[in-house]
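Data first, discussion second: the structure below is written as structure tokens.
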Amino acid sequence: KEGESDKLIIKITEGSSFAIATYTIIVVNTDDKVTINTLDAPSIGVEGAEYKARFKVVDIDSDDSVRTDTLKVYVDNRQDWLTGVYNEGSKEYIVTGTIGTELAVGATQSVEIKVEVEDKSKVKVVEKYTVEIRGVNDPADITGLKEFYLLVEDRESIITFNVSDKDSVAKLTVTVNYTDRTKLDVKVSKKIGSEGVYELRATGEKDVTGSFYVTVVVTDEDESIVEKSMTLKIENENDAPTIGAIPAISQVLGIGVSQSLLIADVETAYDALEVSVESEVPSFSIEKVEGIYTVIGSADLAVGSYEITVNVSDGDITASETTIINIEDILVAPVFVEPEKELVATEDEKLSFSIVVTDNKVGDLGIEVISSPSWVSSISNKI
């Protein structure tokens with residue numbers, strides 16, 4: 001130790017004669033440099049794998065002057081994919097990290113690992129060694145896909161996502177797997193004019209609802225497979241309500257008008273539909289007559305023609321139908337010119353004939369078949 005002294009005694013002999021000399025040695029301390037001793041440092045690493053090395057960092061001086069805050073580890077002179085932690089108890093500096101050197105499959109590259117530290121006199125000590133990195137096949141990466149998507153029946157939905165690969169992005173095969181192919185149609189293709197962007201197009205069949213499990217599969221040139229799954233939930237499309245054609249109505253002055261409406265909706269209950277009428281005058285309204293939506297024209301309507309529009313809404317979609325209401329001073333009854341007539345029908349040929357009627361407003365006439373032969377399956381008419 002510094003300041004202590006020791007004795008060194010030397011004896012010299014010649015025959016029976018001898019001489020003894022005594023020396024006093026005084027110990028003078030010097031500043032020893034810090035040492036970095038390698039405990040475990042693999043010389044081979046694999047791209048993407050974990051790497052770990054251990055070093056003993058000590059100063060034999062009594063005051064142990066290692067400046068641990070100056071400990072650093074470098075990869076090819078850059079603070080890159082390795083980081084270090086110093087253990088005061090064991091005096092070990094442990095460096096770890098995931099090897100981030102990017103290489104092609106089967107390629108190798110040597111990198112220099114350097115550990116450095118300073119003591120209290122700012123003398124820098126460096127330990128260097130070389131590690132050979134071997135390249136491996138990097139798996140493809142699928143990004144941009146969520147776990148859940150909401151779709152509407154009978155309507156195509158486009159889901160965009162990205163696929164990348166550090167080794168073989170140009171040689172990837174992207175497919176899609178699912179089971180319910182009779183209920184759901186799913187296709188995947190690369191987006192035109194883009195790099196690594198794909199589109200998944202999914203369409204649920206008409207009136208098909210429920211949740212369906214779909215998996216995107218990416219295969220690279222080495223047959224390595226990466227998968228990403230999602231759930232597609234298909235809900236009913238809100239079908240528009242329907243309203244049948246409303247015939248033109250002629251009515252005599254002072255009586256009022258009543259016309260039942262043919263209204264329906266696939267999803268919405270009949271009583272929950274919103275039915276309204278639009279007109280230039282406030283004399284028209286919608287009422288329920290024996291449970292049937294009916295357009296009502298009050299008896300105070302003056303002589304004239306009134307265009308009305310009936311609207312039916314399910315709260316989201318509205319259907320409309322327009323008609324004309326005629327109010328007359330005197331309502332003239334229509335008259336058949338030939339109320340009785342013999343017709344000739346030929347087998348397998350369409351029966352067509354004309355009816356001549358007189359009325360003051362032929363355009364408002366409605367035609368109704370009261371009875372017909374059993375072999376007549378349907379009758380259409382045009383005024």
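By convention here, the chains of the structure tokens are called A, B, ... in the order presented, each chain's residues are numbered starting at 1, and ligands are numbered starting at 1 in the order presented.
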
task = Could you pull out the residues in segment 117-306 of chain A that DSSP calls strand (DSSP E or B) from the backbone, as number ranges by chain?
result = A: 117-119, 124-134, 141-143, 148-152, 157-164, 173-177, 184-190, 197-204, 210-219, 225-235, 242-243, 249-252, 257-260, 263-264, 274-278, 284-289, 292-297, 304-306

For Asp165 of chain A, work out the shell of residues within 12 Å, counting only C-alpha atoms and skipping chain neighbours fewer than 2 positions away, then give it as a CSV table (one decimal) with all heavy atoms, in the first residue's frame.
chain,number,residue,atom,x,y,z
A,102,GLU,N,-29.1,-6.2,-41.5
A,102,GLU,CA,-30.0,-6.8,-42.6
A,102,GLU,C,-29.2,-7.4,-43.7
A,102,GLU,O,-28.3,-6.8,-44.3
A,102,GLU,CB,-30.9,-5.7,-43.2
A,102,GLU,CG,-31.9,-5.2,-42.2
A,102,GLU,CD,-32.9,-6.2,-41.7
A,102,GLU,OE1,-33.1,-7.2,-42.5
A,102,GLU,OE2,-33.5,-6.1,-40.6
A,104,ALA,N,-29.2,-10.7,-46.9
A,104,ALA,CA,-29.9,-11.6,-47.7
A,104,ALA,C,-29.8,-13.0,-47.1
A,104,ALA,O,-28.8,-13.3,-46.3
A,104,ALA,CB,-29.5,-11.6,-49.1
A,137,ASN,N,-33.8,-15.8,-43.6
A,137,ASN,CA,-35.0,-15.4,-44.3
A,137,ASN,C,-35.9,-14.6,-43.3
A,137,ASN,O,-36.4,-15.2,-42.3
A,137,ASN,CB,-35.8,-16.6,-44.9
A,137,ASN,CG,-37.1,-16.2,-45.6
A,137,ASN,OD1,-37.1,-15.1,-46.2
A,137,ASN,ND2,-38.1,-17.0,-45.4
A,138,ASP,N,-36.1,-13.3,-43.6
A,138,ASP,CA,-37.0,-12.5,-42.8
A,138,ASP,C,-38.5,-12.9,-43.1
A,138,ASP,O,-38.8,-12.9,-44.3
A,138,ASP,CB,-36.8,-11.0,-43.0
A,138,ASP,CG,-35.4,-10.6,-42.5
A,138,ASP,OD1,-35.2,-10.8,-41.3
A,138,ASP,OD2,-34.6,-10.2,-43.3
A,139,PRO,N,-39.4,-13.0,-42.1
A,139,PRO,CA,-40.8,-13.3,-42.5
A,139,PRO,C,-41.4,-12.0,-43.0
A,139,PRO,O,-41.0,-10.9,-42.7
A,139,PRO,CB,-41.4,-13.7,-41.1
A,139,PRO,CG,-40.5,-13.0,-40.1
A,139,PRO,CD,-39.1,-13.0,-40.7
A,140,ALA,N,-42.5,-12.2,-43.8
A,140,ALA,CA,-43.2,-11.1,-44.3
A,140,ALA,C,-44.0,-10.5,-43.1
A,140,ALA,O,-44.2,-11.1,-42.1
A,140,ALA,CB,-44.2,-11.6,-45.4
A,141,ASP,N,-44.4,-9.2,-43.3
A,141,ASP,CA,-45.1,-8.5,-42.3
A,141,ASP,C,-46.4,-7.9,-42.9
A,141,ASP,O,-46.4,-7.3,-43.9
A,141,ASP,CB,-44.2,-7.3,-41.8
A,141,ASP,CG,-44.9,-6.6,-40.6
A,141,ASP,OD1,-45.6,-7.3,-39.8
A,141,ASP,OD2,-44.6,-5.5,-40.3
A,142,ILE,N,-47.5,-8.2,-42.2
A,142,ILE,CA,-48.9,-7.7,-42.6
A,142,ILE,C,-49.3,-6.6,-41.7
A,142,ILE,O,-49.4,-6.9,-40.5
A,142,ILE,CB,-49.9,-8.9,-42.6
A,142,ILE,CG1,-49.4,-10.1,-43.4
A,142,ILE,CG2,-51.3,-8.4,-43.1
A,142,ILE,CD1,-50.3,-11.3,-43.3
A,143,THR,N,-49.6,-5.5,-42.2
A,143,THR,CA,-50.0,-4.3,-41.4
A,143,THR,C,-51.2,-3.7,-41.9
A,143,THR,O,-51.5,-3.9,-43.1
A,143,THR,CB,-48.9,-3.3,-41.2
A,143,THR,OG1,-48.5,-2.8,-42.6
A,143,THR,CG2,-47.6,-3.8,-40.6
A,162,ASN,N,-51.3,-3.6,-45.9
A,162,ASN,CA,-50.0,-3.5,-46.5
A,162,ASN,C,-49.2,-4.8,-46.2
A,162,ASN,O,-49.4,-5.4,-45.1
A,162,ASN,CB,-49.2,-2.4,-45.9
A,162,ASN,CG,-49.7,-1.0,-46.3
A,162,ASN,OD1,-50.7,-0.5,-45.6
A,162,ASN,ND2,-49.2,-0.4,-47.3
A,163,VAL,N,-48.4,-5.3,-47.1
A,163,VAL,CA,-47.6,-6.4,-46.9
A,163,VAL,C,-46.1,-6.0,-47.3
A,163,VAL,O,-45.9,-5.5,-48.4
A,163,VAL,CB,-48.0,-7.6,-47.8
A,163,VAL,CG1,-47.0,-8.8,-47.6
A,163,VAL,CG2,-49.4,-8.0,-47.5
A,167,ASP,N,-36.7,-9.3,-47.6
A,167,ASP,CA,-35.9,-10.1,-48.5
A,167,ASP,C,-36.5,-10.3,-49.9
A,167,ASP,O,-35.8,-10.3,-50.9
A,167,ASP,CB,-35.6,-11.5,-47.9
A,167,ASP,CG,-34.9,-11.4,-46.6
A,167,ASP,OD1,-33.9,-10.6,-46.5
A,167,ASP,OD2,-35.2,-12.2,-45.7
A,168,SER,N,-37.8,-10.5,-50.0
A,168,SER,CA,-38.4,-10.9,-51.2
A,168,SER,C,-39.7,-10.3,-51.4
A,168,SER,O,-40.7,-11.0,-51.7
A,168,SER,CB,-38.5,-12.4,-51.3
A,168,SER,OG,-39.2,-12.9,-50.2
A,169,VAL,N,-39.8,-9.0,-51.3
A,169,VAL,CA,-41.2,-8.3,-51.5
A,169,VAL,C,-41.8,-8.5,-52.8
A,169,VAL,O,-43.0,-8.6,-53.0
A,169,VAL,CB,-41.0,-6.8,-51.2
A,169,VAL,CG1,-40.2,-6.1,-52.2
A,169,VAL,CG2,-42.4,-6.2,-51.0
A,170,ALA,N,-41.0,-8.7,-53.9
A,170,ALA,CA,-41.5,-8.9,-55.2
A,170,ALA,C,-41.9,-10.3,-55.5
A,170,ALA,O,-42.5,-10.6,-56.5
A,170,ALA,CB,-40.4,-8.5,-56.2
A,171,LYS,N,-41.6,-11.3,-54.6
A,171,LYS,CA,-42.0,-12.7,-54.8
A,171,LYS,C,-42.9,-13.2,-53.7
A,171,LYS,O,-42.8,-14.4,-53.3
A,171,LYS,CB,-40.7,-13.5,-54.8
A,171,LYS,CG,-39.7,-13.0,-55.9
A,171,LYS,CD,-38.4,-13.9,-55.9
A,171,LYS,CE,-37.5,-13.4,-57.0
A,171,LYS,NZ,-36.2,-14.2,-56.9
A,172,LEU,N,-43.8,-12.4,-53.3
A,172,LEU,CA,-44.8,-12.8,-52.3
A,172,LEU,C,-46.1,-13.3,-52.9
A,172,LEU,O,-46.5,-12.8,-54.0
A,172,LEU,CB,-45.1,-11.6,-51.3
A,172,LEU,CG,-43.9,-11.1,-50.5
A,172,LEU,CD1,-44.4,-9.9,-49.7
A,172,LEU,CD2,-43.4,-12.1,-49.6
A,173,THR,N,-46.7,-14.2,-52.3
A,173,THR,CA,-48.0,-14.7,-52.7
A,173,THR,C,-49.0,-14.4,-51.6
A,173,THR,O,-48.8,-14.8,-50.5
A,173,THR,CB,-48.0,-16.2,-53.0
A,173,THR,OG1,-47.1,-16.5,-54.0
A,173,THR,CG2,-49.4,-16.7,-53.5
A,195,GLU,N,-47.0,-0.1,-54.2
A,195,GLU,CA,-45.9,-1.1,-53.8
A,195,GLU,C,-46.3,-1.6,-52.4
A,195,GLU,O,-46.4,-0.9,-51.4
A,195,GLU,CB,-44.6,-0.4,-53.7
A,195,GLU,CG,-43.4,-1.3,-53.3
A,195,GLU,CD,-43.2,-2.4,-54.4
A,195,GLU,OE1,-43.4,-2.1,-55.6
A,195,GLU,OE2,-42.7,-3.5,-54.0
A,196,GLY,N,-46.7,-2.9,-52.4
A,196,GLY,CA,-47.0,-3.5,-51.1
A,196,GLY,C,-48.3,-3.2,-50.6
A,196,GLY,O,-48.6,-3.6,-49.4
A,218,VAL,N,-49.8,-14.9,-46.3
A,218,VAL,CA,-48.7,-14.4,-47.2
A,218,VAL,C,-47.6,-15.5,-47.2
A,218,VAL,O,-47.1,-15.9,-46.1
A,218,VAL,CB,-48.2,-13.1,-46.6
A,218,VAL,CG1,-47.0,-12.6,-47.5
A,218,VAL,CG2,-49.3,-12.0,-46.6
A,219,THR,N,-47.2,-15.9,-48.4
A,219,THR,CA,-46.1,-16.9,-48.5
A,219,THR,C,-45.0,-16.2,-49.3
A,219,THR,O,-45.2,-15.6,-50.4
A,219,THR,CB,-46.7,-18.1,-49.3
A,219,THR,OG1,-47.8,-18.6,-48.6
A,219,THR,CG2,-45.6,-19.2,-49.3
A,220,ASP,N,-43.7,-16.4,-48.8
A,220,ASP,CA,-42.6,-15.8,-49.5
A,220,ASP,C,-41.9,-16.9,-50.4
A,220,ASP,O,-42.4,-18.0,-50.4
A,220,ASP,CB,-41.6,-15.1,-48.6
A,220,ASP,CG,-40.9,-16.1,-47.6
A,220,ASP,OD1,-41.0,-17.3,-47.8
A,220,ASP,OD2,-40.3,-15.6,-46.7
A,221,GLU,N,-40.8,-16.5,-51.0
A,221,GLU,CA,-40.1,-17.5,-52.0
A,221,GLU,C,-39.6,-18.7,-51.3
A,221,GLU,O,-39.3,-19.7,-51.9
A,221,GLU,CB,-39.1,-16.7,-52.7
A,221,GLU,CG,-38.0,-16.1,-51.9
A,221,GLU,CD,-36.9,-15.4,-52.7
A,221,GLU,OE1,-36.8,-15.7,-53.9
A,221,GLU,OE2,-36.2,-14.6,-52.1
A,222,ASP,N,-39.3,-18.6,-50.0
A,222,ASP,CA,-38.8,-19.8,-49.2
A,222,ASP,C,-40.0,-20.6,-48.6
A,222,ASP,O,-39.7,-21.4,-47.7
A,222,ASP,CB,-37.9,-19.3,-48.1
A,222,ASP,CG,-36.6,-18.8,-48.7
A,222,ASP,OD1,-36.2,-19.3,-49.8
A,222,ASP,OD2,-36.0,-17.8,-48.2
A,224,SER,N,-42.1,-19.7,-46.5
A,224,SER,CA,-42.5,-19.2,-45.1
A,224,SER,C,-43.8,-18.5,-45.2
A,224,SER,O,-44.1,-17.8,-46.1
A,224,SER,CB,-41.4,-18.3,-44.6
A,224,SER,OG,-40.2,-18.9,-44.5
A,225,ILE,N,-44.6,-18.9,-44.2
A,225,ILE,CA,-46.0,-18.4,-44.2
A,225,ILE,C,-46.3,-17.5,-43.0
A,225,ILE,O,-45.9,-17.8,-41.9
A,225,ILE,CB,-47.0,-19.6,-44.2
A,225,ILE,CG1,-46.9,-20.4,-45.5
A,225,ILE,CG2,-48.4,-19.1,-44.0
A,225,ILE,CD1,-47.7,-21.6,-45.5
A,226,VAL,N,-47.0,-16.4,-43.3
A,226,VAL,CA,-47.4,-15.5,-42.2
A,226,VAL,C,-48.9,-15.3,-42.4
A,226,VAL,O,-49.4,-15.1,-43.5
A,226,VAL,CB,-46.7,-14.1,-42.3
A,226,VAL,CG1,-47.3,-13.1,-41.2
A,226,VAL,CG2,-45.2,-14.3,-42.0

key: Near-Ser285 of chain A list (9 Å; only C-alpha atoms; drop same-chain fewer than 5 positions) as number ranges by chain   = A: 276-278, 294-298

request  = Please identify all polymer residues within 7 Å of segment 325-329 of chain A, counting only C-alpha atoms, omitting same-chain residues fewer than 2 positions from it, and present them as a ChimeraX atom specification.
outcome  = /A:248-253,302-307,323,331

Restricted to N, CA, C and O atoms, what would the selected residues look like written as a CSV table (one decimal), in the first residue's frame?
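Written file, selection_10.csv:
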chain,number,residue,atom,x,y,z
A,248,ALA,N,-105.4,8.0,-59.9
A,248,ALA,CA,-106.0,9.3,-59.9
A,248,ALA,C,-107.5,9.2,-59.4
A,248,ALA,O,-108.2,8.2,-59.7
A,249,ILE,N,-107.9,10.1,-58.6
A,249,ILE,CA,-109.3,10.1,-58.0
A,249,ILE,C,-110.1,11.3,-58.5
A,249,ILE,O,-109.6,12.4,-58.5
A,250,SER,N,-111.3,11.0,-58.9
A,250,SER,CA,-112.3,12.1,-59.2
A,250,SER,C,-113.5,12.0,-58.2
A,250,SER,O,-114.0,10.9,-58.0
A,251,GLN,N,-113.8,13.1,-57.6
A,251,GLN,CA,-114.9,13.1,-56.6
A,251,GLN,C,-115.7,14.4,-56.8
A,251,GLN,O,-115.2,15.4,-57.2
A,252,VAL,N,-117.0,14.2,-56.5
A,252,VAL,CA,-117.9,15.4,-56.6
A,252,VAL,C,-117.7,16.3,-55.4
A,252,VAL,O,-117.2,15.9,-54.3
A,253,LEU,N,-117.9,17.6,-55.6
A,253,LEU,CA,-117.7,18.6,-54.7
A,253,LEU,C,-118.5,18.4,-53.4
A,253,LEU,O,-119.7,18.0,-53.4
A,302,ALA,N,-112.2,22.7,-52.8
A,302,ALA,CA,-112.9,23.4,-53.9
A,302,ALA,C,-112.7,22.7,-55.2
A,302,ALA,O,-111.9,21.8,-55.3
A,303,VAL,N,-113.5,23.0,-56.2
A,303,VAL,CA,-113.4,22.4,-57.5
A,303,VAL,C,-112.0,22.7,-58.1
A,303,VAL,O,-111.5,23.8,-58.0
A,304,GLY,N,-111.4,21.6,-58.6
A,304,GLY,CA,-110.1,21.8,-59.2
A,304,GLY,C,-109.3,20.5,-59.1
A,304,GLY,O,-109.8,19.5,-58.6
A,305,SER,N,-108.1,20.5,-59.6
A,305,SER,CA,-107.2,19.4,-59.6
A,305,SER,C,-106.1,19.7,-58.6
A,305,SER,O,-105.5,20.8,-58.6
A,306,TYR,N,-105.8,18.6,-57.8
A,306,TYR,CA,-104.8,18.8,-56.7
A,306,TYR,C,-103.7,17.7,-56.8
A,306,TYR,O,-104.1,16.5,-56.9
A,307,GLU,N,-102.5,18.0,-56.9
A,307,GLU,CA,-101.4,17.0,-57.0
A,307,GLU,C,-100.9,16.8,-55.5
A,307,GLU,O,-100.6,17.7,-54.8
A,323,THR,N,-100.0,11.5,-57.0
A,323,THR,CA,-101.2,11.2,-57.8
A,323,THR,C,-102.0,12.6,-57.9
A,323,THR,O,-101.6,13.6,-57.3
A,331,LEU,N,-120.2,14.9,-61.1
A,331,LEU,CA,-119.3,13.8,-61.5
A,331,LEU,C,-120.1,13.0,-62.6
A,331,LEU,O,-121.1,12.4,-62.3

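The interatomic distance for the pair atom CA of Ile36 of chain A and atom CA of Val125 of chain A works out to 7.5 Å.
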
Nearest candidate to Asn238 of chain A (options A:Val312, A:Val152, A:Ala19, A:Val197; using only C-alpha atoms) =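 Between A:Val312, A:Val152, A:Ala19, A:Val197, the residue approaching Asn238 of chain A most closely is A:Val152.
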
request  = Mind checking which residues fall within 6 Å of Glu47 of chain A, counting only C-alpha atoms, ignoring those fewer than 2 positions away in the same chain, and posting them as a ChimeraX atom specification?
outcome  = /A:49,99,134-135

Residues just named, written with all heavy atoms as a compact mmCIF listing (two decimals), in the first residue's frame:
# COMPACT_ATOMS: atom_id res chain seq x y z
N ALA A 49 -31.58 -12.47 -34.35
CA ALA A 49 -31.51 -13.23 -33.11
C ALA A 49 -30.98 -12.35 -31.97
O ALA A 49 -30.43 -11.27 -32.18
CB ALA A 49 -30.61 -14.44 -33.29
N ILE A 99 -29.90 -8.62 -33.07
CA ILE A 99 -29.00 -8.31 -34.19
C ILE A 99 -29.80 -7.69 -35.32
O ILE A 99 -30.69 -8.32 -35.90
CB ILE A 99 -28.27 -9.58 -34.66
CG1 ILE A 99 -27.38 -10.10 -33.53
CG2 ILE A 99 -27.44 -9.28 -35.91
CD1 ILE A 99 -26.68 -11.40 -33.85
N ARG A 134 -24.76 -13.86 -39.81
CA ARG A 134 -25.26 -14.68 -40.90
C ARG A 134 -26.70 -14.29 -41.21
O ARG A 134 -27.54 -14.17 -40.31
CB ARG A 134 -25.20 -16.17 -40.52
CG ARG A 134 -23.77 -16.66 -40.31
CD ARG A 134 -23.74 -18.10 -39.82
NE ARG A 134 -22.36 -18.55 -39.62
CZ ARG A 134 -22.04 -19.74 -39.10
NH1 ARG A 134 -23.02 -20.57 -38.74
NH2 ARG A 134 -20.78 -20.07 -38.95
N GLY A 135 -27.00 -14.10 -42.50
CA GLY A 135 -28.34 -13.69 -42.92
C GLY A 135 -29.33 -14.85 -42.93
O GLY A 135 -28.96 -15.99 -43.25

Taking only residues of segment 91-159 of chain A that have an atom at most 10 Å from an atom of segment 53-60 of chain A, what is each one's shortest atom pair and its distance in Å to one decimal, using only C-alpha atoms, in chain and number order, as JSON lines?
{"residue": "A:Lys91", "atom": "CA", "partner": "A:Val57", "partner_atom": "CA", "distance": 5.8}
{"residue": "A:Glu92", "atom": "CA", "partner": "A:Lys56", "partner_atom": "CA", "distance": 4.6}
{"residue": "A:Tyr93", "atom": "CA", "partner": "A:Phe55", "partner_atom": "CA", "distance": 5.1}
{"residue": "A:Ile94", "atom": "CA", "partner": "A:Arg54", "partner_atom": "CA", "distance": 4.6}
{"residue": "A:Val95", "atom": "CA", "partner": "A:Ala53", "partner_atom": "CA", "distance": 5.4}
{"residue": "A:Thr96", "atom": "CA", "partner": "A:Ala53", "partner_atom": "CA", "distance": 6.7}
{"residue": "A:Gly97", "atom": "CA", "partner": "A:Ala53", "partner_atom": "CA", "distance": 9.7}
{"residue": "A:Val115", "atom": "CA", "partner": "A:Phe55", "partner_atom": "CA", "distance": 8.8}
{"residue": "A:Glu116", "atom": "CA", "partner": "A:Val57", "partner_atom": "CA", "distance": 9.8}
{"residue": "A:Val117", "atom": "CA", "partner": "A:Val57", "partner_atom": "CA", "distance": 8.5}
{"residue": "A:Asp119", "atom": "CA", "partner": "A:Asp59", "partner_atom": "CA", "distance": 8.2}
{"residue": "A:Glu127", "atom": "CA", "partner": "A:Phe55", "partner_atom": "CA", "distance": 9.4}

Save the residues we just selected, C-alpha atoms, as an mmCIF file, in the first residue's frame?
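Everything below was put into selection_24.cif:
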data_model
loop_
_atom_site.group_PDB
_atom_site.id
_atom_site.type_symbol
_atom_site.label_atom_id
_atom_site.label_comp_id
_atom_site.auth_asym_id
_atom_site.auth_seq_id
_atom_site.Cartn_x
_atom_site.Cartn_y
_atom_site.Cartn_z
ATOM 1 C CA LYS A 91 -18.166 -5.500 -11.844
ATOM 2 C CA GLU A 92 -19.569 -6.923 -15.074
ATOM 3 C CA TYR A 93 -20.680 -4.958 -18.113
ATOM 4 C CA ILE A 94 -23.384 -6.963 -19.940
ATOM 5 C CA VAL A 95 -24.352 -5.995 -23.477
ATOM 6 C CA THR A 96 -27.512 -7.364 -25.139
ATOM 7 C CA GLY A 97 -29.628 -6.699 -28.190
ATOM 8 C CA VAL A 115 -16.571 -1.516 -25.638
ATOM 9 C CA GLU A 116 -14.964 1.574 -24.112
ATOM 10 C CA VAL A 117 -14.683 3.190 -20.680
ATOM 11 C CA ASP A 119 -11.172 6.171 -15.456
ATOM 12 C CA GLU A 127 -11.818 -3.502 -26.113
#

request  = Considering only C-alpha atoms, return as a PyMOL selection string whatever protein or nucleic-acid residues lie within 9 Å of Val131 of chain A, sequence-local ones (same chain, fewer than 4 positions apart) excluded.
outcome  = chain A and resi 41-45+109-113

Filtering to N, CA, C and O atoms, could you give me those residues as a PDB file, in the first residue's frame?
ATOM      1  N   ALA A  41     -18.050 -13.587 -25.191  1.00  0.00           N
ATOM      2  CA  ALA A  41     -18.399 -12.755 -26.343  1.00  0.00           C
ATOM      3  C   ALA A  41     -18.439 -13.635 -27.582  1.00  0.00           C
ATOM      4  O   ALA A  41     -17.403 -13.896 -28.201  1.00  0.00           O
ATOM      5  N   PRO A  42     -19.624 -14.138 -27.957  1.00  0.00           N
ATOM      6  CA  PRO A  42     -19.732 -15.005 -29.138  1.00  0.00           C
ATOM      7  C   PRO A  42     -19.212 -14.302 -30.390  1.00  0.00           C
ATOM      8  O   PRO A  42     -19.450 -13.105 -30.603  1.00  0.00           O
ATOM      9  N   SER A  43     -18.521 -15.060 -31.219  1.00  0.00           N
ATOM     10  CA  SER A  43     -17.952 -14.493 -32.449  1.00  0.00           C
ATOM     11  C   SER A  43     -18.860 -14.701 -33.650  1.00  0.00           C
ATOM     12  O   SER A  43     -18.539 -14.240 -34.747  1.00  0.00           O
ATOM     13  N   ILE A  44     -19.991 -15.392 -33.443  1.00  0.00           N
ATOM     14  CA  ILE A  44     -20.948 -15.628 -34.537  1.00  0.00           C
ATOM     15  C   ILE A  44     -22.338 -15.228 -34.063  1.00  0.00           C
ATOM     16  O   ILE A  44     -22.748 -15.545 -32.938  1.00  0.00           O
ATOM     17  N   GLY A  45     -23.076 -14.540 -34.917  1.00  0.00           N
ATOM     18  CA  GLY A  45     -24.451 -14.141 -34.612  1.00  0.00           C
ATOM     19  C   GLY A  45     -25.348 -14.364 -35.814  1.00  0.00           C
ATOM     20  O   GLY A  45     -24.867 -14.498 -36.946  1.00  0.00           O
ATOM     21  N   GLN A 109     -21.683 -11.181 -42.955  1.00  0.00           N
ATOM     22  CA  GLN A 109     -21.021  -9.876 -42.839  1.00  0.00           C
ATOM     23  C   GLN A 109     -20.395  -9.768 -41.457  1.00  0.00           C
ATOM     24  O   GLN A 109     -21.013 -10.147 -40.458  1.00  0.00           O
ATOM     25  N   SER A 110     -19.175  -9.263 -41.418  1.00  0.00           N
ATOM     26  CA  SER A 110     -18.478  -9.085 -40.142  1.00  0.00           C
ATOM     27  C   SER A 110     -18.695  -7.673 -39.627  1.00  0.00           C
ATOM     28  O   SER A 110     -18.607  -6.695 -40.382  1.00  0.00           O
ATOM     29  N   VAL A 111     -18.978  -7.584 -38.336  1.00  0.00           N
ATOM     30  CA  VAL A 111     -19.136  -6.274 -37.699  1.00  0.00           C
ATOM     31  C   VAL A 111     -18.169  -6.193 -36.525  1.00  0.00           C
ATOM     32  O   VAL A 111     -17.816  -7.212 -35.909  1.00  0.00           O
ATOM     33  N   GLU A 112     -17.723  -4.980 -36.254  1.00  0.00           N
ATOM     34  CA  GLU A 112     -16.800  -4.766 -35.130  1.00  0.00           C
ATOM     35  C   GLU A 112     -17.577  -4.306 -33.905  1.00  0.00           C
ATOM     36  O   GLU A 112     -18.335  -3.342 -33.968  1.00  0.00           O
ATOM     37  N   ILE A 113     -17.409  -5.027 -32.810  1.00  0.00           N
ATOM     38  CA  ILE A 113     -18.009  -4.654 -31.536  1.00  0.00           C
ATOM     39  C   ILE A 113     -16.923  -3.976 -30.706  1.00  0.00           C
ATOM     40  O   ILE A 113     -15.812  -4.506 -30.556  1.00  0.00           O
TER      41      ILE A 113
END

ask   = Taking into account only C-alpha atoms, which residue in the set A:Ser17, A:Asp185, A:Asp348, A:Val126 is nearest to Thr38 of chain A?
value =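 Once distances to Thr38 of chain A are computed over only C-alpha atoms, the minimum belongs to A:Val126.
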